[in-house]
$ cat run15.cif   # mmCIF, N, CA and C atoms
data_coords
#
loop_
_atom_site.label_atom_id
_atom_site.label_comp_id
_atom_site.auth_asym_id
_atom_site.auth_seq_id
_atom_site.Cartn_x
_atom_site.Cartn_y
_atom_site.Cartn_z
N MET F 1 6.70 12.35 44.28
CA MET F 1 7.76 11.82 43.44
C MET F 1 7.33 10.50 42.82
N SER F 2 6.67 9.60 43.57
CA SER F 2 6.27 8.30 43.02
C SER F 2 5.23 8.47 41.92
N HIS F 3 4.42 9.51 42.02
CA HIS F 3 3.43 9.77 40.96
C HIS F 3 4.15 10.04 39.63
N ARG F 4 5.24 10.77 39.71
CA ARG F 4 6.01 11.07 38.50
C ARG F 4 6.63 9.80 37.92
N LEU F 5 7.06 8.89 38.77
CA LEU F 5 7.64 7.63 38.30
C LEU F 5 6.58 6.76 37.63
N VAL F 6 5.39 6.74 38.22
CA VAL F 6 4.29 5.97 37.63
C VAL F 6 3.92 6.55 36.28
N ALA F 7 3.80 7.86 36.21
CA ALA F 7 3.45 8.52 34.96
C ALA F 7 4.54 8.28 33.92
N SER F 8 5.79 8.32 34.34
CA SER F 8 6.89 8.07 33.42
C SER F 8 6.84 6.63 32.89
N GLY F 9 6.55 5.69 33.75
CA GLY F 9 6.43 4.29 33.33
C GLY F 9 5.28 4.09 32.36
N GLN F 10 4.17 4.76 32.62
CA GLN F 10 3.02 4.66 31.72
C GLN F 10 3.35 5.24 30.34
N LEU F 11 4.03 6.37 30.34
CA LEU F 11 4.42 6.98 29.06
C LEU F 11 5.38 6.09 28.29
N LYS F 12 6.30 5.46 28.98
CA LYS F 12 7.25 4.56 28.32
C LYS F 12 6.54 3.37 27.72
N ARG F 13 5.54 2.82 28.43
CA ARG F 13 4.75 1.70 27.90
C ARG F 13 3.96 2.13 26.67
N LYS F 14 3.34 3.30 26.74
CA LYS F 14 2.57 3.81 25.60
C LYS F 14 3.48 4.02 24.39
N LEU F 15 4.67 4.56 24.64
CA LEU F 15 5.61 4.77 23.55
C LEU F 15 6.03 3.44 22.93
N ALA F 16 6.30 2.45 23.76
CA ALA F 16 6.68 1.12 23.25
C ALA F 16 5.54 0.52 22.43
N ASP F 17 4.31 0.66 22.91
CA ASP F 17 3.14 0.14 22.17
C ASP F 17 3.01 0.82 20.81
N LYS F 18 3.14 2.14 20.79
CA LYS F 18 3.02 2.88 19.53
C LYS F 18 4.17 2.55 18.58
N THR F 19 5.35 2.34 19.12
CA THR F 19 6.50 1.96 18.29
C THR F 19 6.25 0.61 17.64
N ARG F 20 5.73 -0.35 18.40
CA ARG F 20 5.39 -1.67 17.84
C ARG F 20 4.32 -1.54 16.76
N GLU F 21 3.32 -0.73 17.04
CA GLU F 21 2.24 -0.52 16.07
C GLU F 21 2.79 0.09 14.77
N CYS F 22 3.65 1.08 14.89
CA CYS F 22 4.25 1.71 13.70
C CYS F 22 5.11 0.71 12.92
N THR F 23 5.84 -0.12 13.63
CA THR F 23 6.67 -1.14 12.97
C THR F 23 5.79 -2.11 12.19
N THR F 24 4.70 -2.56 12.80
CA THR F 24 3.77 -3.46 12.13
C THR F 24 3.17 -2.81 10.88
N LEU F 25 2.75 -1.56 11.02
CA LEU F 25 2.16 -0.85 9.88
C LEU F 25 3.19 -0.63 8.77
N GLN F 26 4.44 -0.34 9.13
CA GLN F 26 5.48 -0.16 8.13
C GLN F 26 5.73 -1.44 7.37
N ARG F 27 5.73 -2.57 8.07
CA ARG F 27 5.91 -3.87 7.41
C ARG F 27 4.77 -4.15 6.44
N ARG F 28 3.55 -3.84 6.86
CA ARG F 28 2.40 -4.05 5.98
C ARG F 28 2.49 -3.15 4.76
N LEU F 29 2.89 -1.90 4.96
CA LEU F 29 3.04 -0.97 3.86
C LEU F 29 4.11 -1.44 2.89
N ASP F 30 5.23 -1.92 3.41
CA ASP F 30 6.31 -2.44 2.56
C ASP F 30 5.83 -3.63 1.73
N ALA F 31 5.07 -4.52 2.36
CA ALA F 31 4.56 -5.70 1.65
C ALA F 31 3.58 -5.27 0.55
N ALA F 32 2.72 -4.31 0.85
CA ALA F 32 1.76 -3.83 -0.15
C ALA F 32 2.49 -3.16 -1.31
N ALA F 33 3.50 -2.35 -1.00
CA ALA F 33 4.26 -1.68 -2.06
C ALA F 33 4.98 -2.70 -2.94
N THR F 34 5.50 -3.75 -2.34
CA THR F 34 6.16 -4.80 -3.12
C THR F 34 5.17 -5.49 -4.04
N ALA F 35 3.99 -5.82 -3.51
CA ALA F 35 2.96 -6.48 -4.33
C ALA F 35 2.53 -5.58 -5.48
N ILE F 36 2.34 -4.30 -5.20
CA ILE F 36 1.92 -3.37 -6.25
C ILE F 36 3.01 -3.26 -7.32
N GLY F 37 4.26 -3.22 -6.89
CA GLY F 37 5.36 -3.16 -7.85
C GLY F 37 5.42 -4.37 -8.76
N VAL F 38 5.23 -5.55 -8.17
CA VAL F 38 5.23 -6.79 -8.96
C VAL F 38 4.07 -6.81 -9.94
N LEU F 39 2.89 -6.42 -9.49
CA LEU F 39 1.72 -6.38 -10.37
C LEU F 39 1.93 -5.38 -11.52
N HIS F 40 2.51 -4.24 -11.21
CA HIS F 40 2.77 -3.25 -12.26
C HIS F 40 3.75 -3.81 -13.29
N TYR F 41 4.79 -4.45 -12.81
CA TYR F 41 5.79 -5.05 -13.71
C TYR F 41 5.14 -6.11 -14.60
N ASP F 42 4.34 -6.99 -14.00
CA ASP F 42 3.65 -8.03 -14.78
C ASP F 42 2.71 -7.41 -15.80
N SER F 43 1.99 -6.37 -15.40
CA SER F 43 1.06 -5.70 -16.31
C SER F 43 1.80 -5.11 -17.50
N THR F 44 2.95 -4.50 -17.22
CA THR F 44 3.75 -3.92 -18.30
C THR F 44 4.20 -4.99 -19.28
N LEU F 45 4.67 -6.11 -18.76
CA LEU F 45 5.10 -7.20 -19.64
C LEU F 45 3.94 -7.75 -20.47
N LEU F 46 2.78 -7.90 -19.85
CA LEU F 46 1.61 -8.41 -20.58
C LEU F 46 1.17 -7.44 -21.67
N ARG F 47 1.20 -6.15 -21.39
CA ARG F 47 0.84 -5.15 -22.40
C ARG F 47 1.80 -5.19 -23.58
N LYS F 48 3.09 -5.34 -23.28
CA LYS F 48 4.08 -5.43 -24.36
C LYS F 48 3.86 -6.69 -25.19
N GLU F 49 3.54 -7.79 -24.53
CA GLU F 49 3.28 -9.04 -25.25
C GLU F 49 2.05 -8.90 -26.14
N LEU F 50 1.00 -8.30 -25.61
CA LEU F 50 -0.21 -8.09 -26.41
C LEU F 50 0.07 -7.16 -27.59
N ALA F 51 0.85 -6.13 -27.35
CA ALA F 51 1.17 -5.17 -28.43
C ALA F 51 1.94 -5.86 -29.55
N ALA F 52 2.77 -6.83 -29.22
CA ALA F 52 3.53 -7.56 -30.23
C ALA F 52 2.61 -8.35 -31.16
N TYR F 53 1.43 -8.72 -30.67
CA TYR F 53 0.46 -9.46 -31.48
C TYR F 53 -0.58 -8.53 -32.10
N GLY F 54 -0.44 -7.24 -31.88
CA GLY F 54 -1.39 -6.29 -32.45
C GLY F 54 -2.70 -6.21 -31.70
N ALA F 55 -2.73 -6.73 -30.50
CA ALA F 55 -3.96 -6.70 -29.71
C ALA F 55 -4.15 -5.31 -29.08
N THR F 56 -5.38 -4.99 -28.76
CA THR F 56 -5.70 -3.73 -28.10
C THR F 56 -6.08 -4.00 -26.66
N VAL F 57 -5.54 -3.21 -25.77
CA VAL F 57 -5.88 -3.33 -24.35
C VAL F 57 -6.95 -2.30 -24.04
N ILE F 58 -8.06 -2.75 -23.51
CA ILE F 58 -9.16 -1.86 -23.14
C ILE F 58 -9.18 -1.77 -21.62
N PRO F 59 -8.97 -0.57 -21.06
CA PRO F 59 -8.96 -0.44 -19.60
C PRO F 59 -10.35 -0.65 -19.01
N PHE F 60 -10.40 -1.15 -17.80
CA PHE F 60 -11.68 -1.33 -17.11
C PHE F 60 -12.32 0.02 -16.82
N HIS F 61 -11.49 1.00 -16.50
CA HIS F 61 -11.99 2.32 -16.13
C HIS F 61 -11.90 3.26 -17.32
N ARG F 62 -13.00 3.87 -17.65
CA ARG F 62 -13.01 4.87 -18.71
C ARG F 62 -13.31 6.22 -18.07
N PRO F 63 -12.67 7.28 -18.53
CA PRO F 63 -12.99 8.60 -18.00
C PRO F 63 -14.47 8.91 -18.19
N ARG F 64 -15.02 9.66 -17.30
CA ARG F 64 -16.44 10.01 -17.38
C ARG F 64 -16.73 10.74 -18.68
N GLY F 65 -17.86 10.44 -19.24
CA GLY F 65 -18.28 11.11 -20.48
C GLY F 65 -17.99 10.29 -21.72
N GLN F 66 -17.10 9.30 -21.61
CA GLN F 66 -16.82 8.46 -22.78
C GLN F 66 -17.81 7.33 -22.81
N THR F 67 -18.21 6.98 -24.02
CA THR F 67 -19.13 5.85 -24.18
C THR F 67 -18.45 4.78 -24.99
N THR F 68 -19.03 3.61 -25.01
CA THR F 68 -18.48 2.49 -25.79
C THR F 68 -18.91 2.56 -27.25
N ASP F 69 -19.79 3.55 -27.59
CA ASP F 69 -20.32 3.65 -28.96
C ASP F 69 -19.39 4.42 -29.89
N SER F 70 -18.23 4.89 -29.43
CA SER F 70 -17.39 5.74 -30.27
C SER F 70 -16.69 4.99 -31.36
#

$ encode --input "run15.cif" --output "structure tokens"
Amino acid sequence: MSHRLVASGQLKRKLADKTRECTTLQRRLDAAATAIGVLHYDSTLLRKELAAYGATVIPFHRPRGQTTDS
């Protein structure tokens, strides 16, 4: 019977540890999502501002096969 109590206590500790870990990861994910949202919003505003001046936005990433000579 005591073996079952020890095993139960160990499982409860493991569950508590994993719950804390999940909470920490969820907070980090929420913070990252917030930062990405803010950056996207800022990028949208900057693109609109540039468009108002007739500027062209050139993305850093070009699909494969495209060259700069076009």

$ atom_distance --input "run15.cif" --atom1 "atom N of Gly54 of chain F" --atom2 "atom C of Thr34 of chain F"
28.5 Å

$ select_by_dssp --input "run15.cif" --residues "chain F" --states "alpha helix (DSSP H)" --output "ChimeraX atom specification"
/F:2-52

$ atom_distance --input "run15.cif" --atom1 "atom CA of Ala31 of chain F" --atom2 "atom CA of Ile58 of chain F"
28.6 Å

$ atom_distance --input "run15.cif" --atom1 "atom C of Gln26 of chain F" --atom2 "atom N of Arg13 of chain F"
21.5 Å

$ decode --input "run15.cif" --residues "segment 3-45 of chain F" --atoms "N, CA and C atoms" --output "PDB file, in the first residue's frame"
ATOM      1  N   HIS F   3       3.771   1.676  -1.241  1.00  0.00           N
ATOM      2  CA  HIS F   3       4.374   1.847  -2.571  1.00  0.00           C
ATOM      3  C   HIS F   3       3.418   2.636  -3.478  1.00  0.00           C
ATOM      4  N   ARG F   4       2.142   2.346  -3.361  1.00  0.00           N
ATOM      5  CA  ARG F   4       1.147   3.058  -4.168  1.00  0.00           C
ATOM      6  C   ARG F   4       1.083   4.526  -3.764  1.00  0.00           C
ATOM      7  N   LEU F   5       1.227   4.818  -2.487  1.00  0.00           N
ATOM      8  CA  LEU F   5       1.203   6.207  -2.020  1.00  0.00           C
ATOM      9  C   LEU F   5       2.424   6.969  -2.518  1.00  0.00           C
ATOM     10  N   VAL F   6       3.579   6.302  -2.492  1.00  0.00           N
ATOM     11  CA  VAL F   6       4.807   6.933  -2.987  1.00  0.00           C
ATOM     12  C   VAL F   6       4.675   7.210  -4.478  1.00  0.00           C
ATOM     13  N   ALA F   7       4.193   6.232  -5.217  1.00  0.00           N
ATOM     14  CA  ALA F   7       4.025   6.396  -6.660  1.00  0.00           C
ATOM     15  C   ALA F   7       3.015   7.507  -6.948  1.00  0.00           C
ATOM     16  N   SER F   8       1.956   7.566  -6.169  1.00  0.00           N
ATOM     17  CA  SER F   8       0.952   8.608  -6.349  1.00  0.00           C
ATOM     18  C   SER F   8       1.557   9.988  -6.077  1.00  0.00           C
ATOM     19  N   GLY F   9       2.359  10.100  -5.052  1.00  0.00           N
ATOM     20  CA  GLY F   9       3.024  11.366  -4.731  1.00  0.00           C
ATOM     21  C   GLY F   9       3.983  11.789  -5.830  1.00  0.00           C
ATOM     22  N   GLN F  10       4.706  10.819  -6.377  1.00  0.00           N
ATOM     23  CA  GLN F  10       5.638  11.122  -7.465  1.00  0.00           C
ATOM     24  C   GLN F  10       4.890  11.608  -8.705  1.00  0.00           C
ATOM     25  N   LEU F  11       3.782  10.948  -9.009  1.00  0.00           N
ATOM     26  CA  LEU F  11       2.980  11.364 -10.166  1.00  0.00           C
ATOM     27  C   LEU F  11       2.410  12.764  -9.973  1.00  0.00           C
ATOM     28  N   LYS F  12       1.976  13.072  -8.769  1.00  0.00           N
ATOM     29  CA  LYS F  12       1.439  14.407  -8.491  1.00  0.00           C
ATOM     30  C   LYS F  12       2.514  15.469  -8.646  1.00  0.00           C
ATOM     31  N   ARG F  13       3.741  15.173  -8.195  1.00  0.00           N
ATOM     32  CA  ARG F  13       4.856  16.117  -8.360  1.00  0.00           C
ATOM     33  C   ARG F  13       5.189  16.314  -9.831  1.00  0.00           C
ATOM     34  N   LYS F  14       5.222  15.225 -10.587  1.00  0.00           N
ATOM     35  CA  LYS F  14       5.511  15.323 -12.023  1.00  0.00           C
ATOM     36  C   LYS F  14       4.438  16.137 -12.729  1.00  0.00           C
ATOM     37  N   LEU F  15       3.186  15.912 -12.355  1.00  0.00           N
ATOM     38  CA  LEU F  15       2.094  16.669 -12.956  1.00  0.00           C
ATOM     39  C   LEU F  15       2.221  18.151 -12.629  1.00  0.00           C
ATOM     40  N   ALA F  16       2.548  18.477 -11.392  1.00  0.00           N
ATOM     41  CA  ALA F  16       2.722  19.878 -10.996  1.00  0.00           C
ATOM     42  C   ALA F  16       3.875  20.513 -11.767  1.00  0.00           C
ATOM     43  N   ASP F  17       4.976  19.780 -11.928  1.00  0.00           N
ATOM     44  CA  ASP F  17       6.125  20.292 -12.695  1.00  0.00           C
ATOM     45  C   ASP F  17       5.741  20.564 -14.147  1.00  0.00           C
ATOM     46  N   LYS F  18       5.038  19.623 -14.761  1.00  0.00           N
ATOM     47  CA  LYS F  18       4.639  19.790 -16.157  1.00  0.00           C
ATOM     48  C   LYS F  18       3.627  20.925 -16.305  1.00  0.00           C
ATOM     49  N   THR F  19       2.755  21.087 -15.332  1.00  0.00           N
ATOM     50  CA  THR F  19       1.784  22.184 -15.371  1.00  0.00           C
ATOM     51  C   THR F  19       2.503  23.523 -15.310  1.00  0.00           C
ATOM     52  N   ARG F  20       3.508  23.639 -14.432  1.00  0.00           N
ATOM     53  CA  ARG F  20       4.302  24.876 -14.355  1.00  0.00           C
ATOM     54  C   ARG F  20       5.034  25.130 -15.668  1.00  0.00           C
ATOM     55  N   GLU F  21       5.605  24.080 -16.229  1.00  0.00           N
ATOM     56  CA  GLU F  21       6.323  24.211 -17.498  1.00  0.00           C
ATOM     57  C   GLU F  21       5.374  24.687 -18.609  1.00  0.00           C
ATOM     58  N   CYS F  22       4.192  24.108 -18.671  1.00  0.00           N
ATOM     59  CA  CYS F  22       3.208  24.513 -19.694  1.00  0.00           C
ATOM     60  C   CYS F  22       2.777  25.967 -19.492  1.00  0.00           C
ATOM     61  N   THR F  23       2.606  26.371 -18.248  1.00  0.00           N
ATOM     62  CA  THR F  23       2.224  27.754 -17.955  1.00  0.00           C
ATOM     63  C   THR F  23       3.314  28.712 -18.422  1.00  0.00           C
ATOM     64  N   THR F  24       4.567  28.380 -18.136  1.00  0.00           N
ATOM     65  CA  THR F  24       5.689  29.208 -18.568  1.00  0.00           C
ATOM     66  C   THR F  24       5.750  29.306 -20.093  1.00  0.00           C
ATOM     67  N   LEU F  25       5.591  28.168 -20.760  1.00  0.00           N
ATOM     68  CA  LEU F  25       5.631  28.164 -22.224  1.00  0.00           C
ATOM     69  C   LEU F  25       4.459  28.946 -22.810  1.00  0.00           C
ATOM     70  N   GLN F  26       3.281  28.856 -22.200  1.00  0.00           N
ATOM     71  CA  GLN F  26       2.124  29.606 -22.685  1.00  0.00           C
ATOM     72  C   GLN F  26       2.362  31.098 -22.554  1.00  0.00           C
ATOM     73  N   ARG F  27       2.973  31.522 -21.449  1.00  0.00           N
ATOM     74  CA  ARG F  27       3.282  32.946 -21.266  1.00  0.00           C
ATOM     75  C   ARG F  27       4.276  33.426 -22.315  1.00  0.00           C
ATOM     76  N   ARG F  28       5.279  32.603 -22.595  1.00  0.00           N
ATOM     77  CA  ARG F  28       6.258  32.977 -23.616  1.00  0.00           C
ATOM     78  C   ARG F  28       5.608  33.058 -24.987  1.00  0.00           C
ATOM     79  N   LEU F  29       4.729  32.110 -25.292  1.00  0.00           N
ATOM     80  CA  LEU F  29       4.018  32.115 -26.562  1.00  0.00           C
ATOM     81  C   LEU F  29       3.136  33.349 -26.685  1.00  0.00           C
ATOM     82  N   ASP F  30       2.434  33.704 -25.620  1.00  0.00           N
ATOM     83  CA  ASP F  30       1.587  34.900 -25.626  1.00  0.00           C
ATOM     84  C   ASP F  30       2.416  36.160 -25.868  1.00  0.00           C
ATOM     85  N   ALA F  31       3.575  36.240 -25.218  1.00  0.00           N
ATOM     86  CA  ALA F  31       4.444  37.406 -25.397  1.00  0.00           C
ATOM     87  C   ALA F  31       4.957  37.486 -26.837  1.00  0.00           C
ATOM     88  N   ALA F  32       5.343  36.340 -27.395  1.00  0.00           N
ATOM     89  CA  ALA F  32       5.827  36.319 -28.777  1.00  0.00           C
ATOM     90  C   ALA F  32       4.710  36.712 -29.745  1.00  0.00           C
ATOM     91  N   ALA F  33       3.508  36.205 -29.517  1.00  0.00           N
ATOM     92  CA  ALA F  33       2.383  36.545 -30.391  1.00  0.00           C
ATOM     93  C   ALA F  33       2.072  38.036 -30.315  1.00  0.00           C
ATOM     94  N   THR F  34       2.166  38.609 -29.134  1.00  0.00           N
ATOM     95  CA  THR F  34       1.928  40.045 -28.974  1.00  0.00           C
ATOM     96  C   THR F  34       2.976  40.844 -29.740  1.00  0.00           C
ATOM     97  N   ALA F  35       4.241  40.450 -29.598  1.00  0.00           N
ATOM     98  CA  ALA F  35       5.322  41.151 -30.303  1.00  0.00           C
ATOM     99  C   ALA F  35       5.141  41.046 -31.815  1.00  0.00           C
ATOM    100  N   ILE F  36       4.784  39.876 -32.297  1.00  0.00           N
ATOM    101  CA  ILE F  36       4.579  39.688 -33.733  1.00  0.00           C
ATOM    102  C   ILE F  36       3.414  40.554 -34.214  1.00  0.00           C
ATOM    103  N   GLY F  37       2.357  40.608 -33.435  1.00  0.00           N
ATOM    104  CA  GLY F  37       1.211  41.442 -33.798  1.00  0.00           C
ATOM    105  C   GLY F  37       1.569  42.914 -33.890  1.00  0.00           C
ATOM    106  N   VAL F  38       2.342  43.392 -32.924  1.00  0.00           N
ATOM    107  CA  VAL F  38       2.772  44.795 -32.928  1.00  0.00           C
ATOM    108  C   VAL F  38       3.668  45.079 -34.128  1.00  0.00           C
ATOM    109  N   LEU F  39       4.598  44.189 -34.410  1.00  0.00           N
ATOM    110  CA  LEU F  39       5.484  44.371 -35.567  1.00  0.00           C
ATOM    111  C   LEU F  39       4.691  44.365 -36.878  1.00  0.00           C
ATOM    112  N   HIS F  40       3.720  43.494 -36.981  1.00  0.00           N
ATOM    113  CA  HIS F  40       2.893  43.450 -38.189  1.00  0.00           C
ATOM    114  C   HIS F  40       2.123  44.761 -38.350  1.00  0.00           C
ATOM    115  N   TYR F  41       1.559  45.241 -37.265  1.00  0.00           N
ATOM    116  CA  TYR F  41       0.807  46.503 -37.310  1.00  0.00           C
ATOM    117  C   TYR F  41       1.721  47.655 -37.733  1.00  0.00           C
ATOM    118  N   ASP F  42       2.908  47.738 -37.120  1.00  0.00           N
ATOM    119  CA  ASP F  42       3.865  48.791 -37.484  1.00  0.00           C
ATOM    120  C   ASP F  42       4.275  48.687 -38.951  1.00  0.00           C
ATOM    121  N   SER F  43       4.507  47.469 -39.414  1.00  0.00           N
ATOM    122  CA  SER F  43       4.897  47.257 -40.804  1.00  0.00           C
ATOM    123  C   SER F  43       3.802  47.729 -41.754  1.00  0.00           C
ATOM    124  N   THR F  44       2.564  47.424 -41.406  1.00  0.00           N
ATOM    125  CA  THR F  44       1.438  47.857 -42.238  1.00  0.00           C
ATOM    126  C   THR F  44       1.370  49.373 -42.313  1.00  0.00           C
ATOM    127  N   LEU F  45       1.528  50.036 -41.171  1.00  0.00           N
ATOM    128  CA  LEU F  45       1.499  51.499 -41.167  1.00  0.00           C
ATOM    129  C   LEU F  45       2.649  52.088 -41.984  1.00  0.00           C
TER     130      LEU F  45
END
